[in-house]
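Below is one structure, written out as structure tokens; comments come after it.
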Amino acid sequence: MTTRGFTGRPRRSDPRLPPGQYDVGDDWPVLTAEVTPGVDLATWRLVVDGAVGQPSSWSWDELHALPVERVDTDIHCVTTWSKLGTSFTGVRVDHLLAAAGPLPAATHVLARSVTGYTTNLPLADVTGGRAWAVWEHEGRPLPVPHGGPVRLLVPHLYFWKSAKWLERLTLLTADEPGFWERYGYHDRGDPWQQQRYQGD
Amino acid sequence: MTPTPGSVAPTGGWRSARVAAVDRPGPAAVRLRLDVADRVSHLPGQHYVVRLTAPDGYTASRSYSVASAPGDPLVELYVERLVDGEVSGYLADVLEPGDELEVRGPVGGWFVWDGTTPALAVGGGSGVVPLVSMLRHARDTGRPELLCLVGAARTAASLPYAEEMLDGCTLVALSQEDSPAGRPAGRLRAADLAPLVDGRDAGFVCGSAGFAETASQALVAAGMPADRVRVERFGPSG
Ligand SMILES: Cc1cc2nc3c(=O)[nH]c(=O)nc-3n(C[C@H](O)[C@H](O)[C@H](O)COP(=O)(O)OP(=O)(O)OC[C@H]3O[C@@H](n4cnc5c(N)ncnc54)[C@H](O)[C@@H]3O)c2cc1C
């Protein structure tokens, strides 16, 4: 249905922009449903548990001792903004899973924040060098409103899947909706398919 | 933050809405009254997505909170016109009664007030829009005492729904002028909220990302446990 009298902004066809997204440039909007928490790094640990052979956890220092890499990527928020050509530093989820040893029956991951926020992801979306636990953005410590000290980064899915203030990855043997997913957001959230809400 | 199962929102697909009324309460705002086909009733706090389509198929979608009460047969939206705003500019300048709009909603099951919990709700600028729905709903159901409203804006003239808010709010905080009730000009602070927190089981904060951050921290500093505070941040694009 065409909207009478609407022409829209001049289109810039950047092949990195998924359908329905626009480029925020240097901005980085903050969208969170909760009060921004304070995380005490002296006691914080990143835990991998659930359907694994060896539940494991890392302190802030232990995490830094794992192979660290810089990720150059684009990120896409379901509210239609994208941030192109940005970078994060952290450790691949693959390294965390290698230590914990997912059971053969494990199919999904539930990521959990210190606030209790959760989001579900197919295991295949966080393995094979496609997901990271990150603590730097463009070479500086990840700001707390953006999920610092450590957030999940799954750049090929809508950004609500990249849980802020990460504290736990729980391996599941069946899919289980997370926070937004229970409210009707999509279980997978592929921006190229515009999987915004259940049924898209 | 455990969601209440009863509040899971049906989102459904795109629906067509006929624009029943358009009015411009100020130079930078437009109020729309929409007749939505097969409307699913909303809870105060929920929003709709509005999608505009250009002749070449290009689309732009944005979220707008519902200002009307669930009992209102029409869906009312209040849109602040942003400089260079693609969708708000169209809605404010071009849209006329009788036009058709594509909408989807109600969306959101987290930032909702069930109408039975004693709540303290704080809105800044266009962030007061979902609070207006809460206020109207509390009145419709005869329980205005359940809702303690705080509205914030630069001036009374820039406060959306100024008349309704000045009448319905426990506190109006204006940063650039004294409020009609006598509060001296200044930003909303924890000290403003501290006397209002007692007995309120749920906190709601809505506004721009900056306002939502400051006001939600102020609410926690005022004594509301962080896990009882639900925040809606209006990004530069929703
Ligand atoms: C849950 C939710 C509820 C909301 N409820 C309301 C509400 O009740 N009322 C309300 O008024 N708003 C509300 N919003 C905000 C609303 O969704 C829109 O973000 C807002 O109307 C701006 O959209 P726009 O298309 O006019 O502006 P956009 O075109 O998105 O632009 C926003 C700003 O960014 C700049 N910009 C963005 N993209 C570009 C680009 N490609 N090129 C150049 N500049 C650009 C513009 O200069 C502009 O100032 C809500 C948001 C959310 C997430």
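Letters A, B, ... mark the chains of the structure tokens in the order given; residue numbers begin at 1 per chain; ligand numbers begin at 1, in order shown.
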TODO: Counting only C-alpha atoms and all ligand atoms, name the residues that have an atom within 7 Å of an atom of ligand 1; the answer should be given as a ChimeraX atom specification.
DONE: /A:22-24,79 /B:47,62-66,77-89,126-127,129-130,232-238
Task: Contacts of Ala153 in chain B at 8 Å (only C-alpha atoms; same-chain gap of 3+ positions) as a PyMOL selection string - done: chain B and resi 124-125+156+158-159+173-175
Take the residues from that selection and put them in a file with C-alpha atoms, as an mmCIF file, in the first residue's frame.
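Dumped to part35.cif:
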```cif
data_model
loop_
_atom_site.group_PDB
_atom_site.id
_atom_site.type_symbol
_atom_site.label_atom_id
_atom_site.label_comp_id
_atom_site.auth_asym_id
_atom_site.auth_seq_id
_atom_site.Cartn_x
_atom_site.Cartn_y
_atom_site.Cartn_z
ATOM 1 C CA GLY B 124 9.794 13.510 29.868
ATOM 2 C CA GLY B 125 8.755 15.390 26.711
ATOM 3 C CA ALA B 156 4.660 24.172 30.307
ATOM 4 C CA SER B 158 6.261 22.252 25.460
ATOM 5 C CA LEU B 159 4.717 19.600 27.738
ATOM 6 C CA ALA B 173 8.943 19.499 36.785
ATOM 7 C CA LEU B 174 9.897 22.193 34.277
ATOM 8 C CA SER B 175 13.579 22.793 33.692
#
```
Counting only C-alpha atoms, give me one row per residue of chain A with an atom at most 8 Å from an atom of chain B, showing the shortest contact pair and its distance in Å to one decimal, sorted by chain then residue number, as a tab-separated table.
```
residue	atom	partner	partner_atom	distance
A:Met1	CA	B:Thr53	CA	6.7
A:Thr2	CA	B:Thr53	CA	4.9
A:Thr3	CA	B:Thr53	CA	5.2
A:Arg4	CA	B:Asp99	CA	7.2
A:Gly5	CA	B:Val94	CA	6.8
A:Phe6	CA	B:Ala54	CA	5.4
A:Thr7	CA	B:Ala54	CA	4.8
A:Gly8	CA	B:Glu86	CA	6.3
A:Arg9	CA	B:Glu86	CA	6.5
A:Gly20	CA	B:Ala60	CA	6.5
A:Pro29	CA	B:Gly235	CA	6.1
A:Val30	CA	B:Ala209	CA	6.1
A:Leu31	CA	B:Arg233	CA	5.6
A:Thr32	CA	B:Arg233	CA	6.8
A:Ala33	CA	B:Val231	CA	4.7
A:Glu34	CA	B:Val231	CA	5.3
A:Val35	CA	B:Ser216	CA	5.9
A:Thr36	CA	B:Glu213	CA	7.4
A:Thr79	CA	B:Gly238	CA	4.4
A:Thr80	CA	B:Ser237	CA	6.6
A:Trp81	CA	B:Ser237	CA	6.7
A:Thr115	CA	B:Met1	CA	7.6
A:Gly116	CA	B:Met1	CA	6.1
A:Tyr117	CA	B:Met1	CA	7.1
A:Phe179	CA	B:Pro3	CA	7.6
A:Arg182	CA	B:Val8	CA	6.8
A:Tyr183	CA	B:Val8	CA	5.2
A:Gly184	CA	B:Ala9	CA	6.7
A:Tyr197	CA	B:Thr11	CA	7.7
```
Selection near Pro155 in chain A, 9 Å with only C-alpha atoms, sequence-local residues under 2 positions removed, as a CSV table (one decimal) with all heavy atoms, in the first residue's frame:
```
chain,number,residue,atom,x,y,z
A,73,THR,N,32.8,-4.8,12.2
A,73,THR,CA,31.5,-5.3,11.8
A,73,THR,C,30.5,-4.2,11.7
A,73,THR,O,30.7,-3.0,12.0
A,73,THR,CB,31.0,-6.4,12.8
A,73,THR,OG1,29.8,-7.0,12.4
A,73,THR,CG2,30.7,-5.7,14.2
A,74,ASP,N,29.2,-4.5,11.3
A,74,ASP,CA,28.1,-3.6,11.3
A,74,ASP,C,27.1,-4.2,12.3
A,74,ASP,O,27.0,-5.4,12.5
A,74,ASP,CB,27.4,-3.6,9.9
A,74,ASP,CG,28.4,-3.4,8.7
A,74,ASP,OD1,29.3,-2.6,8.9
A,74,ASP,OD2,28.2,-4.0,7.7
A,75,ILE,N,26.4,-3.3,12.9
A,75,ILE,CA,25.3,-3.8,13.9
A,75,ILE,C,24.0,-3.2,13.5
A,75,ILE,O,23.9,-2.1,12.9
A,75,ILE,CB,25.7,-3.4,15.3
A,75,ILE,CG1,25.9,-2.0,15.5
A,75,ILE,CG2,26.9,-4.3,15.8
A,75,ILE,CD1,26.2,-1.6,17.0
A,76,HIS,N,22.9,-4.0,13.7
A,76,HIS,CA,21.6,-3.6,13.2
A,76,HIS,C,20.6,-3.7,14.4
A,76,HIS,O,20.4,-4.8,14.9
A,76,HIS,CB,21.2,-4.5,12.1
A,76,HIS,CG,22.2,-4.7,11.0
A,76,HIS,ND1,22.6,-3.6,10.2
A,76,HIS,CD2,23.0,-5.7,10.7
A,76,HIS,CE1,23.5,-4.0,9.4
A,76,HIS,NE2,23.8,-5.3,9.7
A,130,ARG,N,31.1,-16.4,14.9
A,130,ARG,CA,30.1,-15.4,14.6
A,130,ARG,C,29.5,-14.7,15.9
A,130,ARG,O,28.6,-13.9,15.8
A,130,ARG,CB,28.9,-16.1,13.9
A,130,ARG,CG,29.4,-16.9,12.7
A,130,ARG,CD,28.4,-16.8,11.6
A,130,ARG,NE,27.2,-17.6,11.9
A,130,ARG,CZ,26.0,-17.5,11.2
A,130,ARG,NH1,25.9,-16.6,10.3
A,130,ARG,NH2,25.1,-18.4,11.5
A,131,ALA,N,30.1,-15.0,17.1
A,131,ALA,CA,29.7,-14.4,18.3
A,131,ALA,C,30.8,-14.2,19.2
A,131,ALA,O,31.7,-15.0,19.3
A,131,ALA,CB,28.6,-15.2,18.9
A,153,LEU,N,28.2,-10.1,21.6
A,153,LEU,CA,28.1,-9.5,20.3
A,153,LEU,C,27.8,-10.6,19.3
A,153,LEU,O,28.6,-11.5,19.1
A,153,LEU,CB,29.5,-8.8,20.0
A,153,LEU,CG,29.6,-8.2,18.6
A,153,LEU,CD1,28.7,-7.0,18.4
A,153,LEU,CD2,31.0,-7.9,18.2
A,157,LEU,N,22.8,-10.8,13.8
A,157,LEU,CA,21.3,-10.8,14.2
A,157,LEU,C,21.0,-9.5,14.8
A,157,LEU,O,21.9,-8.7,15.2
A,157,LEU,CB,21.1,-11.9,15.3
A,157,LEU,CG,21.4,-13.4,14.8
A,157,LEU,CD1,21.1,-14.4,16.0
A,157,LEU,CD2,20.6,-13.8,13.6
A,158,TYR,N,19.7,-9.2,14.9
A,158,TYR,CA,19.3,-7.9,15.5
A,158,TYR,C,19.9,-7.8,16.8
A,158,TYR,O,20.1,-8.7,17.6
A,158,TYR,CB,17.7,-7.8,15.6
A,158,TYR,CG,17.0,-7.4,14.3
A,158,TYR,CD1,16.0,-8.2,13.8
A,158,TYR,CD2,17.4,-6.3,13.5
A,158,TYR,CE1,15.3,-7.9,12.7
A,158,TYR,CE2,16.7,-6.0,12.4
A,158,TYR,CZ,15.7,-6.8,11.9
A,158,TYR,OH,15.0,-6.5,10.8
A,159,PHE,N,20.2,-6.5,17.2
A,159,PHE,CA,21.1,-6.3,18.3
A,159,PHE,C,20.5,-6.6,19.7
A,159,PHE,O,21.2,-6.7,20.7
A,159,PHE,CB,21.5,-4.8,18.3
A,159,PHE,CG,23.0,-4.6,18.7
A,159,PHE,CD1,23.9,-5.5,18.3
A,159,PHE,CD2,23.4,-3.6,19.5
A,159,PHE,CE1,25.3,-5.4,18.6
A,159,PHE,CE2,24.7,-3.4,19.9
A,159,PHE,CZ,25.6,-4.3,19.5
A,161,LYS,N,19.7,-9.4,20.5
A,161,LYS,CA,20.3,-10.7,20.8
A,161,LYS,C,21.7,-10.5,21.4
A,161,LYS,O,22.2,-11.5,22.0
A,161,LYS,CB,20.4,-11.5,19.5
A,161,LYS,CG,19.1,-11.8,18.8
A,161,LYS,CD,18.3,-12.9,19.6
A,161,LYS,CE,17.0,-13.3,18.9
A,161,LYS,NZ,16.3,-14.3,19.7
A,162,SER,N,22.3,-9.4,21.2
A,162,SER,CA,23.6,-9.1,21.8
A,162,SER,C,23.5,-8.6,23.2
A,162,SER,O,23.6,-7.4,23.5
A,162,SER,CB,24.4,-8.1,20.9
A,162,SER,OG,24.6,-8.7,19.7
```
- [ ] Quick one: pick out all strand (DSSP E) residues within range 34-237 of chain B from a backbone DSSP run and write them as a PyMOL selection string.
- [x] chain B and resi 34-36+47-53+59-65+75-80+100-107+119-124+147-153+171-174+202-208+229-234
Task: Coordinates-based distance that separates CA of Arg33 in chain B from CA of Pro70 in chain B (Å, one decimal) - done: 13.4 Å
